[in-house]
Amino acid sequence: MSTEPTFAMQRWRLALHEAAHGIVGRLLADDGLGVGAAISTAGPGRCWCPMPDNPLLAALVFAAGPAGEALAASHAPPDEPPDARQSEAADGLLAEVLTAEKSGAELKAPDDTATVAAFAGRFSAERVQWNGLYLTMLNAARALVEDHSAEIVALARRLFREGLCVHRSATGVEENAQ
Ligand SMILES: [Zn+2]
């Protein structure tokens, strides 16, 4: 029996990953502009979300991505397949964005935990403190993701189906991302 993740499960994990960045980013630094996220059929994803000025809070937004993926263990992907037309449009847009950025950094899965580790290292020179801060941030991100899992899953479901979506904040026009 193959243990390869299916296309649906890979796409679902990516959708949860980007949705978690977005919802946690908005939670920690709501700028009233909402959250945009995109995933492509080929794999890479992108999230545009408010980022806190405080670097430790910003690290939580990075750590939220991998924490969001863990929700795949308790939330099944949507039954209906992605909308082919919308997904194709999202693929095209995301490819343009990534090319424009020219960094190529997100063409493979972004290593968010490495980013969080870099933050932790900057704030504690001692190795023991570093480990403690790093694990504290990962655990705090997991707790935030659990507390807001309903909103993250709702955004991820839409992202899974459409490939690209914008989620407004409570005062915005697209509050209900179902
Ligand atoms: Zn990420």
# chains A, B, ... in the order shown; residues from 1 in each chain; ligands from 1
call {"tool": "residues_near_ligand", "arguments": {"ligand": "ligand 1", "cutoff": "7 Å", "atoms": "only C-alpha atoms and all ligand atoms", "output": "ChimeraX atom specification"}}
result
/A:17-18,21,62,65-66,110-112
call {"tool": "write_last_selection", "arguments": {"atoms": "N, CA and C atoms", "output": "compact mmCIF listing (two decimals), in the first residue's frame"}}
result
# COMPACT_ATOMS: atom_id res chain seq x y z
N HIS A 17 -2.00 25.39 5.45
CA HIS A 17 -0.76 26.10 5.77
C HIS A 17 -0.92 27.60 5.50
N GLU A 18 -1.36 27.94 4.29
CA GLU A 18 -1.48 29.36 3.92
C GLU A 18 -2.61 30.03 4.70
N HIS A 21 -1.33 30.96 8.19
CA HIS A 21 -0.53 32.19 8.16
C HIS A 21 -1.47 33.40 8.17
N PHE A 62 4.87 33.12 11.10
CA PHE A 62 5.59 32.11 10.31
C PHE A 62 5.32 30.70 10.85
N GLY A 65 2.12 28.47 9.90
CA GLY A 65 1.97 27.68 8.66
C GLY A 65 2.08 26.18 8.91
N PRO A 66 3.23 25.72 9.42
CA PRO A 66 3.35 24.29 9.74
C PRO A 66 2.31 23.83 10.76
N PRO A 110 8.26 26.62 1.58
CA PRO A 110 9.04 27.52 2.44
C PRO A 110 9.32 26.88 3.79
N ASP A 111 10.52 27.11 4.28
CA ASP A 111 10.90 26.50 5.56
C ASP A 111 10.60 27.49 6.69
N ASP A 112 9.35 27.50 7.11
CA ASP A 112 8.95 28.46 8.13
C ASP A 112 9.61 28.19 9.48
call {"tool": "select_by_dssp", "arguments": {"residues": "chain A", "states": "strand (DSSP E or B)", "output": "VMD selection string"}}
result
chain A and resid 35 to 39 45 to 48 164 to 167
call {"tool": "write_last_selection", "arguments": {"atoms": "N, CA and C atoms", "output": "PDB file, in the first residue's frame"}}
result
ATOM      1  N   VAL A  35      -7.011  39.365   4.268  1.00  0.00           N
ATOM      2  CA  VAL A  35      -5.963  38.382   4.021  1.00  0.00           C
ATOM      3  C   VAL A  35      -6.136  37.827   2.618  1.00  0.00           C
ATOM      4  N   GLY A  36      -5.049  37.737   1.865  1.00  0.00           N
ATOM      5  CA  GLY A  36      -5.106  37.095   0.559  1.00  0.00           C
ATOM      6  C   GLY A  36      -4.210  35.880   0.565  1.00  0.00           C
ATOM      7  N   ALA A  37      -4.653  34.825  -0.084  1.00  0.00           N
ATOM      8  CA  ALA A  37      -3.824  33.628  -0.143  1.00  0.00           C
ATOM      9  C   ALA A  37      -4.038  32.946  -1.478  1.00  0.00           C
ATOM     10  N   ALA A  38      -3.001  32.281  -1.955  1.00  0.00           N
ATOM     11  CA  ALA A  38      -3.096  31.542  -3.203  1.00  0.00           C
ATOM     12  C   ALA A  38      -2.304  30.256  -3.093  1.00  0.00           C
ATOM     13  N   ILE A  39      -2.817  29.206  -3.717  1.00  0.00           N
ATOM     14  CA  ILE A  39      -2.047  27.965  -3.834  1.00  0.00           C
ATOM     15  C   ILE A  39      -2.135  27.533  -5.285  1.00  0.00           C
ATOM     16  N   GLY A  45       2.637  27.880  -2.586  1.00  0.00           N
ATOM     17  CA  GLY A  45       1.558  28.728  -2.102  1.00  0.00           C
ATOM     18  C   GLY A  45       2.106  30.065  -1.655  1.00  0.00           C
ATOM     19  N   ARG A  46       1.206  30.971  -1.427  1.00  0.00           N
ATOM     20  CA  ARG A  46       1.576  32.311  -1.010  1.00  0.00           C
ATOM     21  C   ARG A  46       0.473  32.858  -0.116  1.00  0.00           C
ATOM     22  N   CYS A  47       0.857  33.626   0.879  1.00  0.00           N
ATOM     23  CA  CYS A  47      -0.142  34.284   1.699  1.00  0.00           C
ATOM     24  C   CYS A  47       0.260  35.741   1.852  1.00  0.00           C
ATOM     25  N   TRP A  48      -0.704  36.623   1.692  1.00  0.00           N
ATOM     26  CA  TRP A  48      -0.475  38.039   1.931  1.00  0.00           C
ATOM     27  C   TRP A  48      -1.287  38.395   3.161  1.00  0.00           C
ATOM     28  N   LEU A 164      -7.354  30.678  -5.050  1.00  0.00           N
ATOM     29  CA  LEU A 164      -7.012  32.059  -4.726  1.00  0.00           C
ATOM     30  C   LEU A 164      -8.210  32.683  -4.040  1.00  0.00           C
ATOM     31  N   CYS A 165      -8.004  33.303  -2.908  1.00  0.00           N
ATOM     32  CA  CYS A 165      -9.132  34.008  -2.311  1.00  0.00           C
ATOM     33  C   CYS A 165      -8.675  35.091  -1.358  1.00  0.00           C
ATOM     34  N   VAL A 166      -9.591  35.999  -1.112  1.00  0.00           N
ATOM     35  CA  VAL A 166      -9.353  37.115  -0.204  1.00  0.00           C
ATOM     36  C   VAL A 166     -10.345  36.989   0.930  1.00  0.00           C
ATOM     37  N   HIS A 167      -9.846  37.120   2.138  1.00  0.00           N
ATOM     38  CA  HIS A 167     -10.670  36.980   3.330  1.00  0.00           C
ATOM     39  C   HIS A 167     -10.618  38.300   4.079  1.00  0.00           C
TER      40      HIS A 167
END
call {"tool": "closest_residue", "arguments": {"among": "A:Ala100, A:Ala89, A:Val61, A:Ala76", "to": "Ala154 in chain A", "atoms": "only C-alpha atoms"}}
result
A:Ala76
call {"tool": "select_by_dssp", "arguments": {"residues": "range 86-164 of chain A", "states": "alpha helix (DSSP H)", "output": "short mmCIF file (atom, residue, chain, number, x, y, z; two decimals) with N, CA and C atoms, in the first residue's frame"}}
result
data_model
loop_
_atom_site.label_atom_id
_atom_site.label_comp_id
_atom_site.auth_asym_id
_atom_site.auth_seq_id
_atom_site.Cartn_x
_atom_site.Cartn_y
_atom_site.Cartn_z
N GLN A 86 -11.10 28.12 -12.06
CA GLN A 86 -10.57 29.05 -11.07
C GLN A 86 -9.14 28.68 -10.66
N SER A 87 -8.90 27.38 -10.55
CA SER A 87 -7.56 26.93 -10.16
C SER A 87 -6.53 27.29 -11.21
N GLU A 88 -6.92 27.17 -12.48
CA GLU A 88 -6.00 27.51 -13.56
C GLU A 88 -5.65 29.00 -13.51
N ALA A 89 -6.67 29.82 -13.26
CA ALA A 89 -6.43 31.26 -13.15
C ALA A 89 -5.52 31.57 -11.97
N ALA A 90 -5.74 30.87 -10.86
CA ALA A 90 -4.91 31.08 -9.67
C ALA A 90 -3.47 30.64 -9.95
N ASP A 91 -3.31 29.50 -10.65
CA ASP A 91 -1.96 29.03 -11.01
C ASP A 91 -1.21 30.10 -11.79
N GLY A 92 -1.90 30.69 -12.76
CA GLY A 92 -1.28 31.70 -13.62
C GLY A 92 -0.86 32.92 -12.82
N LEU A 93 -1.76 33.37 -11.97
CA LEU A 93 -1.47 34.56 -11.17
C LEU A 93 -0.30 34.30 -10.22
N LEU A 94 -0.32 33.15 -9.59
CA LEU A 94 0.74 32.83 -8.63
C LEU A 94 2.09 32.71 -9.34
N ALA A 95 2.09 32.11 -10.52
CA ALA A 95 3.34 31.99 -11.29
C ALA A 95 3.89 33.38 -11.61
N GLU A 96 3.00 34.31 -11.98
CA GLU A 96 3.42 35.68 -12.27
C GLU A 96 4.02 36.34 -11.04
N VAL A 97 3.34 36.17 -9.91
CA VAL A 97 3.82 36.78 -8.67
C VAL A 97 5.21 36.25 -8.31
N LEU A 98 5.37 34.94 -8.40
CA LEU A 98 6.64 34.33 -8.02
C LEU A 98 7.75 34.75 -8.97
N THR A 99 7.42 34.87 -10.24
CA THR A 99 8.42 35.31 -11.21
C THR A 99 8.81 36.76 -10.93
N ALA A 100 7.80 37.59 -10.63
CA ALA A 100 8.07 38.99 -10.37
C ALA A 100 8.96 39.16 -9.14
N GLU A 101 8.76 38.31 -8.17
CA GLU A 101 9.58 38.42 -6.96
C GLU A 101 11.03 38.01 -7.22
N ASP A 112 9.35 27.50 7.11
CA ASP A 112 8.95 28.46 8.13
C ASP A 112 9.61 28.19 9.48
N THR A 113 9.82 26.93 9.79
CA THR A 113 10.41 26.64 11.09
C THR A 113 11.85 27.16 11.14
N ALA A 114 12.54 27.18 9.99
CA ALA A 114 13.89 27.74 9.96
C ALA A 114 13.84 29.24 10.24
N THR A 115 12.79 29.90 9.71
CA THR A 115 12.63 31.33 9.96
C THR A 115 12.39 31.58 11.45
N VAL A 116 11.54 30.75 12.05
CA VAL A 116 11.25 30.89 13.48
C VAL A 116 12.53 30.65 14.29
N ALA A 117 13.31 29.67 13.88
CA ALA A 117 14.56 29.38 14.58
C ALA A 117 15.51 30.57 14.50
N ALA A 118 15.52 31.24 13.34
CA ALA A 118 16.39 32.41 13.19
C ALA A 118 15.96 33.52 14.14
N PHE A 119 14.65 33.71 14.29
CA PHE A 119 14.15 34.70 15.25
C PHE A 119 14.58 34.33 16.66
N ALA A 120 14.39 33.08 17.00
CA ALA A 120 14.73 32.64 18.36
C ALA A 120 16.21 32.84 18.62
N GLY A 121 17.04 32.54 17.61
CA GLY A 121 18.48 32.69 17.76
C GLY A 121 18.89 34.14 17.96
N ARG A 122 18.16 35.04 17.31
CA ARG A 122 18.49 36.45 17.42
C ARG A 122 18.22 36.97 18.83
N PHE A 123 17.23 36.34 19.49
CA PHE A 123 16.80 36.87 20.78
C PHE A 123 17.42 36.16 21.98
N ARG A 127 22.33 28.70 24.14
CA ARG A 127 21.71 27.58 23.43
C ARG A 127 20.44 27.08 24.16
N VAL A 128 20.50 26.97 25.45
CA VAL A 128 19.37 26.44 26.21
C VAL A 128 18.17 27.39 26.09
N GLN A 129 18.47 28.69 26.23
CA GLN A 129 17.39 29.69 26.07
C GLN A 129 16.82 29.64 24.66
N TRP A 130 17.73 29.47 23.70
CA TRP A 130 17.33 29.42 22.30
C TRP A 130 16.31 28.30 22.08
N ASN A 131 16.65 27.12 22.58
CA ASN A 131 15.74 25.98 22.44
C ASN A 131 14.40 26.28 23.09
N GLY A 132 14.46 26.86 24.30
CA GLY A 132 13.22 27.15 25.01
C GLY A 132 12.35 28.13 24.26
N LEU A 133 12.97 29.19 23.75
CA LEU A 133 12.20 30.22 23.03
C LEU A 133 11.62 29.65 21.74
N TYR A 134 12.44 28.86 21.05
CA TYR A 134 12.00 28.25 19.78
C TYR A 134 10.78 27.36 20.01
N LEU A 135 10.88 26.48 21.00
CA LEU A 135 9.76 25.57 21.28
C LEU A 135 8.55 26.32 21.80
N THR A 136 8.78 27.37 22.60
CA THR A 136 7.67 28.17 23.10
C THR A 136 6.90 28.80 21.94
N MET A 137 7.64 29.31 20.96
CA MET A 137 6.98 29.94 19.81
C MET A 137 6.19 28.93 18.99
N LEU A 138 6.79 27.75 18.77
CA LEU A 138 6.07 26.73 18.00
C LEU A 138 4.80 26.30 18.75
N ASN A 139 4.91 26.14 20.07
CA ASN A 139 3.73 25.74 20.86
C ASN A 139 2.68 26.84 20.89
N ALA A 140 3.14 28.09 21.01
CA ALA A 140 2.19 29.21 21.02
C ALA A 140 1.45 29.28 19.68
N ALA A 141 2.18 29.05 18.59
CA ALA A 141 1.54 29.06 17.27
C ALA A 141 0.51 27.94 17.16
N ARG A 142 0.86 26.76 17.68
CA ARG A 142 -0.08 25.64 17.65
C ARG A 142 -1.35 25.98 18.42
N ALA A 143 -1.18 26.61 19.58
CA ALA A 143 -2.35 26.97 20.40
C ALA A 143 -3.23 27.99 19.67
N LEU A 144 -2.60 28.97 19.03
CA LEU A 144 -3.37 29.97 18.28
C LEU A 144 -4.15 29.31 17.15
N VAL A 145 -3.47 28.39 16.47
CA VAL A 145 -4.11 27.70 15.35
C VAL A 145 -5.29 26.85 15.84
N GLU A 146 -5.10 26.16 16.96
CA GLU A 146 -6.20 25.36 17.51
C GLU A 146 -7.38 26.25 17.89
N ASP A 147 -7.08 27.38 18.55
CA ASP A 147 -8.14 28.29 18.99
C ASP A 147 -8.93 28.87 17.81
N SER A 149 -9.17 27.35 14.71
CA SER A 149 -9.19 26.32 13.67
C SER A 149 -10.43 26.43 12.78
N ALA A 150 -11.57 26.84 13.35
CA ALA A 150 -12.79 26.92 12.52
C ALA A 150 -12.60 27.93 11.40
N GLU A 151 -12.02 29.08 11.74
CA GLU A 151 -11.83 30.12 10.74
C GLU A 151 -10.76 29.71 9.72
N ILE A 152 -9.71 29.06 10.22
CA ILE A 152 -8.63 28.61 9.33
C ILE A 152 -9.16 27.55 8.35
N VAL A 153 -9.93 26.60 8.88
CA VAL A 153 -10.46 25.53 8.02
C VAL A 153 -11.43 26.11 6.99
N ALA A 154 -12.24 27.09 7.40
CA ALA A 154 -13.19 27.70 6.46
C ALA A 154 -12.44 28.39 5.31
N LEU A 155 -11.38 29.12 5.66
CA LEU A 155 -10.59 29.79 4.62
C LEU A 155 -9.87 28.76 3.75
N ALA A 156 -9.35 27.71 4.37
CA ALA A 156 -8.61 26.67 3.63
C ALA A 156 -9.54 25.93 2.66
N ARG A 157 -10.77 25.70 3.07
CA ARG A 157 -11.72 25.00 2.18
C ARG A 157 -11.95 25.81 0.91
N ARG A 158 -12.07 27.11 1.10
CA ARG A 158 -12.30 27.96 -0.06
C ARG A 158 -11.05 28.02 -0.94
N LEU A 159 -9.90 28.09 -0.28
CA LEU A 159 -8.63 28.12 -1.01
C LEU A 159 -8.44 26.81 -1.78
N PHE A 160 -8.80 25.71 -1.17
CA PHE A 160 -8.69 24.39 -1.82
C PHE A 160 -9.53 24.37 -3.10
N ARG A 161 -10.74 24.92 -3.03
CA ARG A 161 -11.64 24.88 -4.18
C ARG A 161 -11.24 25.86 -5.26
N GLU A 162 -10.82 27.09 -4.84
CA GLU A 162 -10.65 28.18 -5.81
C GLU A 162 -9.19 28.50 -6.13
#
call {"tool": "closest_residue", "arguments": {"among": "A:Ala73, A:Ala125, A:Ala67, A:Cys49", "to": "Leu28 in chain A", "atoms": "only C-alpha atoms"}}
result
A:Cys49
call {"tool": "closest_residue", "arguments": {"among": "A:Ala19, A:Ala8, A:Gly43, A:Glu126", "to": "Leu71 in chain A", "atoms": "only C-alpha atoms"}}
result
A:Ala19
call {"tool": "closest_residue", "arguments": {"among": "A:Ala59, A:Ala72, A:Met51, A:Gly163", "to": "Pro5 in chain A", "atoms": "only C-alpha atoms"}}
result
A:Ala72
call {"tool": "closest_residue", "arguments": {"among": "A:Arg26, A:Ala15, A:Ala20, A:Arg168", "to": "Ala63 in chain A", "atoms": "only C-alpha atoms"}}
result
A:Ala20
call {"tool": "closest_residue", "arguments": {"among": "A:Arg11, A:Glu69, A:Thr6, A:Pro77", "to": "Ser40 in chain A", "atoms": "only C-alpha atoms"}}
result
A:Arg11
call {"tool": "atom_distance", "arguments": {"atom1": "CA of Pro78 in chain A", "atom2": "CA of Leu33 in chain A"}}
result
27.0 Å
